[in-house]
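S.K.: Take this structure first; my questions come after.
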Amino acid sequence: MQFPRLVLWLAGGALVAGALGQPAPKLNSLSPDWIQRGTTIEVVFTGDNLGEVTGFLFDGDAGLSATNVPPPAPPRPTITVESTGGGISRAEPAPTRDSRRLVAKVTATADASLAPREVRVVSAGGVSNPLLLHVGQWPEVPKRDPNGTLADAQPVTLPAVISGLLNTVAQTNHFRFKAARGEELVFEIDAARRGSPLDSSLAVLDASGKELARNEDALGLDSLLFFTAPADGEYILQLRDYRFRGGNDYRYRLTAGPVPYVEAIFPFGGQRGKSVEVALTGRNLEGATKMTLNIDAKAPRGRQEIRLSTPRGHSNLVPFDVQDFPDLAEAEPNDIPDKANSVTAPVVINGRIGQAGDVDYFKFKPDKDQKIVCSVAASQFGSALDALLTLSDASGKLIQQNDDSAGADARLEFDARKDAEYVLALRDLTERGGGNFAYRLAIRPPSAAAESGFSVSFLPDAVRVHRGGRTKVRCEVTRQAGFDRPVCCEFEGLPPGVYAEPLLLPAGQPGGLMTLAAVEDCALGTHPLQLRASGVAGGKAIVRVAQPLNGEAPVRRGYVTVLEAAPYTLELASLSAAAEQGQPIQIEVLARR
């Protein structure tokens, strides 16, 4: 078989090769990856080139700091005697850090927000890739072995978060705790939702081993167990894989104790720039039945997460939908077509299928010929509703029907005619109903789902440039909803002595290279790197802050490090080369010392 020749077009310019003496650090892992706020712990970083780390960078909310832990002193060397001179020589090397392992003391302030941070390490050679360090509010307890039997159950004081691993087949973990009569306890497994293959089975036993409560699949494959202690005393929490599997990746986090837990909210979302009162149900909420959310006019659209603050602490995160469409509440009675709620699209309707067999009807008239999307958001927010949507004309003739377009949620799209009246019916597929059958029904044109404009990204996220040298940064633009105008990209807030010319990307061009350069006397060090892009859509200026990318993964912030002048550079001497499969090629370069 003949293979075509591969022609490589090579980008010209200087290639800095003096960084060999100043390698950038790289992180592979950190452990533990959770810290309780108000505490200081030791975190072990593993990776490459960690021996010369001088600092740490945390991106995200404030509240975390870190310092290096000094390396242990090396063992005293063996004394050797040299026969030629009769003297004694002693080799005592200075303490050195392990280049592949670094221990740091990390501190979280008492008011640190419960949100993950990206942590990087810094050396003279630059900044590392980021890893996530999470902040929690309960004591972090590592699982200890053995705890495979009732007799070996590990004592824990609640509330706590237990991090563990079912690393062998048929392994069971046991934890012993005390509870008071009537105390309402919450036990939640976070495993499958964070990528673990664990299909958890969680049970509460009394001190003799009698099972009192069990749960398996309340949250997908993760367990959620509510337990009210029948008497003062000791109890045992038992955890295993439902199929008795195990392995080195069967990791879990178990939140346990009398912690606040929100089971459901209503409504599931709200409009940007408005306030919404959200009703709450759950456990240990200290009497809270509602909270008011003030949604910023510039809040991100789509699925967000909220939590309730109580005297016991913060609740679990609950999904919440943010949109630009006007929000309306379903008004009963609307269970027959003649009593359908009249609405104007685009709109989002918050409602409930309040009882078995209930049907909610809505009617609307488009103001022009256009496509209309009718979509239900329910199961994705924890609702029990298995939505069935039925669209009819004013005479009752069926136009379209849908069930389970996205999981148990329904969606339909149709060509609507100006001033024609349409009737939309929503019910549960199996004609159930109740307080947990809430929904969010959107009626809108498809174009309302996306705003004309663009997004922009750049890579790499950690850039290095030598004094008197230059380096390349790739800028990529993604155009949205028909946007086809030019986009101008430029760095902002560069440190003194570092500069770059703006990049203009014409319509149809998805990206290009920008050159960062540093003057010969530029100050050494690491600085944040931010790229801004601007364009015009519909007569309005659009400005976007670029998303830094580490490989293909988005990160919070980019950085540029200025290094000492390189002892030499390499330049490509040719602009193209042709390669046959399996055959070597030569590329000529010019070295400038």
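We name chains A, B, ... following the order of the structure tokens; residues begin at 1 in each chain, and ligands are numbered from 1 as shown.
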Please tabulate, as a tab-separated table, the residues of range 250-365 of chain A that come within 10 Å of range 384-399 of chain A, each with its closest pair of atoms and the distance in Å to one decimal, counting only C-alpha atoms and ordering rows by chain, then residue number upward.
M.R.:
residue	atom	partner	partner_atom	distance
A:Pro337	CA	A:Gly396	CA	8.5
A:Arg352	CA	A:Leu385	CA	8.9
A:Ile353	CA	A:Leu385	CA	7.8
A:Val359	CA	A:Leu388	CA	9.8
A:Asp360	CA	A:Leu389	CA	9.9
A:Tyr361	CA	A:Thr390	CA	9.5
A:Phe362	CA	A:Leu391	CA	9.7
A:Lys363	CA	A:Ala394	CA	8.6
A:Phe364	CA	A:Ala394	CA	9.9
S.K.: Write out, as a compact mmCIF listing (two decimals), in the first residue's frame, the residues just selected, with all heavy atoms.
M.R.:
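part15.txt, written as the output of this step:
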# COMPACT_ATOMS: atom_id res chain seq x y z
N PRO A 337 -58.46 21.97 28.77
CA PRO A 337 -58.06 22.95 27.76
C PRO A 337 -58.79 24.28 27.89
O PRO A 337 -58.21 25.34 27.63
CB PRO A 337 -58.41 22.26 26.43
CG PRO A 337 -58.31 20.79 26.75
CD PRO A 337 -58.80 20.65 28.16
N ARG A 352 -46.32 22.45 39.25
CA ARG A 352 -46.32 21.10 39.81
C ARG A 352 -47.47 20.30 39.23
O ARG A 352 -48.56 20.85 39.01
CB ARG A 352 -46.48 21.12 41.33
CG ARG A 352 -45.24 21.46 42.14
CD ARG A 352 -45.50 21.15 43.61
NE ARG A 352 -44.34 21.43 44.45
CZ ARG A 352 -44.15 22.55 45.13
NH1 ARG A 352 -45.06 23.52 45.03
NH2 ARG A 352 -43.10 22.72 45.89
N ILE A 353 -47.24 19.04 39.01
CA ILE A 353 -48.33 18.09 38.78
C ILE A 353 -48.75 17.66 40.17
O ILE A 353 -48.18 16.75 40.77
CB ILE A 353 -47.87 16.91 37.91
CG1 ILE A 353 -47.34 17.42 36.57
CG2 ILE A 353 -49.01 15.92 37.71
CD1 ILE A 353 -48.35 18.19 35.75
N VAL A 359 -53.29 17.24 34.94
CA VAL A 359 -52.74 17.72 33.67
C VAL A 359 -52.73 19.24 33.72
O VAL A 359 -53.71 19.86 34.13
CB VAL A 359 -53.57 17.25 32.46
CG1 VAL A 359 -52.91 17.72 31.16
CG2 VAL A 359 -53.75 15.75 32.46
N ASP A 360 -51.62 19.85 33.33
CA ASP A 360 -51.52 21.31 33.28
C ASP A 360 -51.54 21.76 31.82
O ASP A 360 -50.74 21.27 31.00
CB ASP A 360 -50.23 21.79 33.95
CG ASP A 360 -50.29 21.64 35.47
OD1 ASP A 360 -51.39 21.43 36.01
OD2 ASP A 360 -49.22 21.73 36.11
N TYR A 361 -52.46 22.70 31.50
CA TYR A 361 -52.63 23.19 30.14
C TYR A 361 -52.18 24.65 30.04
O TYR A 361 -52.44 25.46 30.94
CB TYR A 361 -54.11 23.10 29.71
CG TYR A 361 -54.56 21.69 29.39
CD1 TYR A 361 -55.12 20.90 30.38
CD2 TYR A 361 -54.44 21.18 28.10
CE1 TYR A 361 -55.55 19.61 30.09
CE2 TYR A 361 -54.87 19.89 27.80
CZ TYR A 361 -55.43 19.11 28.80
OH TYR A 361 -55.85 17.83 28.52
N PHE A 362 -51.53 24.97 28.91
CA PHE A 362 -51.08 26.33 28.63
C PHE A 362 -51.37 26.63 27.16
O PHE A 362 -51.21 25.76 26.29
CB PHE A 362 -49.58 26.48 28.91
CG PHE A 362 -49.19 26.05 30.30
CD1 PHE A 362 -48.75 24.75 30.53
CD2 PHE A 362 -49.30 26.91 31.37
CE1 PHE A 362 -48.40 24.33 31.80
CE2 PHE A 362 -48.95 26.51 32.64
CZ PHE A 362 -48.50 25.21 32.87
N LYS A 363 -51.79 27.88 26.87
CA LYS A 363 -52.04 28.27 25.48
C LYS A 363 -51.24 29.53 25.16
O LYS A 363 -51.01 30.37 26.03
CB LYS A 363 -53.52 28.49 25.23
CG LYS A 363 -54.17 29.58 26.08
CD LYS A 363 -55.67 29.66 25.82
CE LYS A 363 -56.33 30.74 26.69
NZ LYS A 363 -57.79 30.81 26.46
N PHE A 364 -50.83 29.63 23.89
CA PHE A 364 -50.02 30.78 23.48
C PHE A 364 -50.20 31.01 21.98
O PHE A 364 -50.56 30.09 21.23
CB PHE A 364 -48.55 30.55 23.82
CG PHE A 364 -47.94 29.35 23.17
CD1 PHE A 364 -47.24 29.44 21.97
CD2 PHE A 364 -48.06 28.09 23.75
CE1 PHE A 364 -46.68 28.33 21.37
CE2 PHE A 364 -47.49 26.96 23.16
CZ PHE A 364 -46.81 27.08 21.98
S.K.: Which residues, written as a ChimeraX atom specification, have at least one atom at most 6 Å from range 519-536 of chain A, with only C-alpha atoms counted and residues fewer than 6 positions away on the same chain left out?
M.R.: /A:467-468,487-492,497,542-546,558-563
S.K.: Would you mind exporting N, CA and C atoms of the selected residues as a CSV table (one decimal), in the first residue's frame?
M.R.:
chain,number,residue,atom,x,y,z
A,467,ARG,N,14.5,36.9,29.0
A,467,ARG,CA,14.9,38.3,28.8
A,467,ARG,C,15.5,38.4,27.4
A,468,GLY,N,15.1,39.4,26.7
A,468,GLY,CA,15.6,39.6,25.3
A,468,GLY,C,15.0,38.6,24.3
A,487,VAL,N,-12.5,39.6,15.1
A,487,VAL,CA,-12.3,39.6,16.5
A,487,VAL,C,-10.8,40.1,16.7
A,488,CYS,N,-10.7,41.0,17.6
A,488,CYS,CA,-9.3,41.5,18.0
A,488,CYS,C,-8.9,41.0,19.3
A,489,CYS,N,-7.8,40.3,19.4
A,489,CYS,CA,-7.3,39.8,20.7
A,489,CYS,C,-6.0,40.6,21.1
A,490,GLU,N,-6.0,40.9,22.4
A,490,GLU,CA,-4.8,41.6,23.0
A,490,GLU,C,-4.6,41.2,24.4
A,491,PHE,N,-3.4,41.2,24.9
A,491,PHE,CA,-3.1,40.9,26.3
A,491,PHE,C,-3.3,42.2,27.0
A,492,GLU,N,-3.7,42.1,28.3
A,492,GLU,CA,-3.8,43.3,29.1
A,492,GLU,C,-3.1,43.1,30.5
A,497,GLY,N,8.0,45.7,30.7
A,497,GLY,CA,9.1,45.1,30.0
A,497,GLY,C,8.6,43.9,29.1
A,542,ILE,N,-18.8,43.8,21.8
A,542,ILE,CA,-18.7,42.6,22.7
A,542,ILE,C,-17.3,42.5,23.1
A,543,VAL,N,-17.1,42.3,24.4
A,543,VAL,CA,-15.8,42.1,25.0
A,543,VAL,C,-15.8,40.8,25.8
A,544,ARG,N,-14.8,39.9,25.5
A,544,ARG,CA,-14.7,38.6,26.2
A,544,ARG,C,-13.4,38.5,26.8
A,545,VAL,N,-13.3,38.0,28.0
A,545,VAL,CA,-12.0,37.6,28.7
A,545,VAL,C,-11.7,36.2,28.3
A,546,ALA,N,-10.5,35.9,27.8
A,546,ALA,CA,-10.2,34.6,27.2
A,546,ALA,C,-10.0,33.6,28.3
A,558,GLY,N,-4.2,32.3,33.7
A,558,GLY,CA,-2.9,32.0,33.1
A,558,GLY,C,-1.8,32.8,33.7
A,559,TYR,N,-0.6,32.4,33.4
A,559,TYR,CA,0.6,33.0,34.0
A,559,TYR,C,1.7,33.1,33.0
A,560,VAL,N,2.5,34.2,33.2
A,560,VAL,CA,3.7,34.4,32.4
A,560,VAL,C,4.9,34.5,33.3
A,561,THR,N,6.0,33.8,33.0
A,561,THR,CA,7.2,33.8,33.8
A,561,THR,C,8.4,34.4,33.0
A,562,VAL,N,9.0,35.4,33.5
A,562,VAL,CA,10.2,36.0,32.8
A,562,VAL,C,11.5,35.3,33.4
A,563,LEU,N,12.3,34.7,32.5
A,563,LEU,CA,13.5,33.9,32.9
A,563,LEU,C,14.7,34.7,32.5
S.K.: List the neighbours of Asp217 in chain A out to 9 Å using only C-alpha atoms; skip same-chain residues closer than 4 positions along the sequence, and give me the result as a ChimeraX atom specification.
M.R.: /A:199-201,221-224
S.K.: Quick one: everything within 6 Å of range 262-279 of chain A, counting only C-alpha atoms, minus sequence neighbours fewer than 3 positions away in the same chain. Send it as number ranges by chain.
M.R.: A: 282, 289-297, 320-324
S.K.: Record the distance separating CA of Leu280 in chain A and CA of Phe437 in chain A, expressed in Å with one decimal.
M.R.: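 Those two atoms sit 14.4 Å apart.
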S.K.: Extract the full set of strand (DSSP E or B) residues from range 153-243 of chain A according to DSSP on the backbone, and format it as a PyMOL selection string.
M.R.: chain A and resi 154-155+160-165+172-179+184-190+200-206+211-215+219+222+224-228+233-241
S.K.: Name the residues in contact with Gly433 in chain A at a cut-off of 6 Å, using only C-alpha atoms, excluding same-chain residues fewer than 6 positions from it; report them as a PDB file with N, CA, C and O atoms, in the first residue's frame.
M.R.:
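Wrote it out as out.pdb, contents follow:
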ATOM      1  N   ILE A 353     -47.237  19.038  39.009  1.00  0.00           N
ATOM      2  CA  ILE A 353     -48.328  18.092  38.779  1.00  0.00           C
ATOM      3  C   ILE A 353     -48.752  17.663  40.173  1.00  0.00           C
ATOM      4  O   ILE A 353     -48.184  16.749  40.772  1.00  0.00           O
ATOM      5  N   GLY A 354     -49.748  18.371  40.727  1.00  0.00           N
ATOM      6  CA  GLY A 354     -49.997  18.332  42.154  1.00  0.00           C
ATOM      7  C   GLY A 354     -50.646  17.081  42.682  1.00  0.00           C
ATOM      8  O   GLY A 354     -50.581  16.816  43.880  1.00  0.00           O
ATOM      9  N   GLN A 355     -51.293  16.294  41.829  1.00  0.00           N
ATOM     10  CA  GLN A 355     -51.955  15.079  42.296  1.00  0.00           C
ATOM     11  C   GLN A 355     -52.005  14.076  41.158  1.00  0.00           C
ATOM     12  O   GLN A 355     -51.774  14.413  39.997  1.00  0.00           O
ATOM     13  N   ALA A 356     -52.274  12.848  41.513  1.00  0.00           N
ATOM     14  CA  ALA A 356     -52.338  11.786  40.504  1.00  0.00           C
ATOM     15  C   ALA A 356     -53.379  12.123  39.445  1.00  0.00           C
ATOM     16  O   ALA A 356     -54.499  12.545  39.757  1.00  0.00           O
TER      17      ALA A 356
END
S.K.: Just give me the gap between CA of Gly148 in chain A and CA of Ala213 in chain A in Å, one decimal is fine.
M.R.: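 Between these atoms lies a distance of 19.1 Å.
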S.K.: Applying 7 Å and only C-alpha atoms, which residues near Arg181 in chain A remain after dropping the ones on its own chain fewer than 3 positions away? List them as a ChimeraX atom specification.
M.R.: /A:229-232
S.K.: Keeping C-alpha atoms, export the residues of the selection given above as a PDB file, in the first residue's frame.
M.R.:
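Done, and the output landed in result01.pdb:
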ATOM      1  CA  ALA A 229     -31.708   7.354  66.285  1.00  0.00           C
ATOM      2  CA  PRO A 230     -34.315   5.364  68.277  1.00  0.00           C
ATOM      3  CA  ALA A 231     -32.307   5.558  71.508  1.00  0.00           C
ATOM      4  CA  ASP A 232     -29.129   6.924  73.049  1.00  0.00           C
TER       5      ASP A 232
END
S.K.: How many Å separate CA of Gly60 in chain A from CA of Pro311 in chain A?
M.R.: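 CA of Gly60 in chain A sits 25.5 Å away from CA of Pro311 in chain A.
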S.K.: May I have the residues within 12 Å of Pro554 in chain A as a list in words, using only C-alpha atoms and disregarding those fewer than 5 positions away in the same chain?
M.R.: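 With the cut-off at 12 Å, the set is Glu118, Asn129, Pro130, Leu131, Val456, Ser457, Phe458, Leu459, Pro460, Asp461, Ala546, Gln547, Pro548 and Leu549 of chain A.
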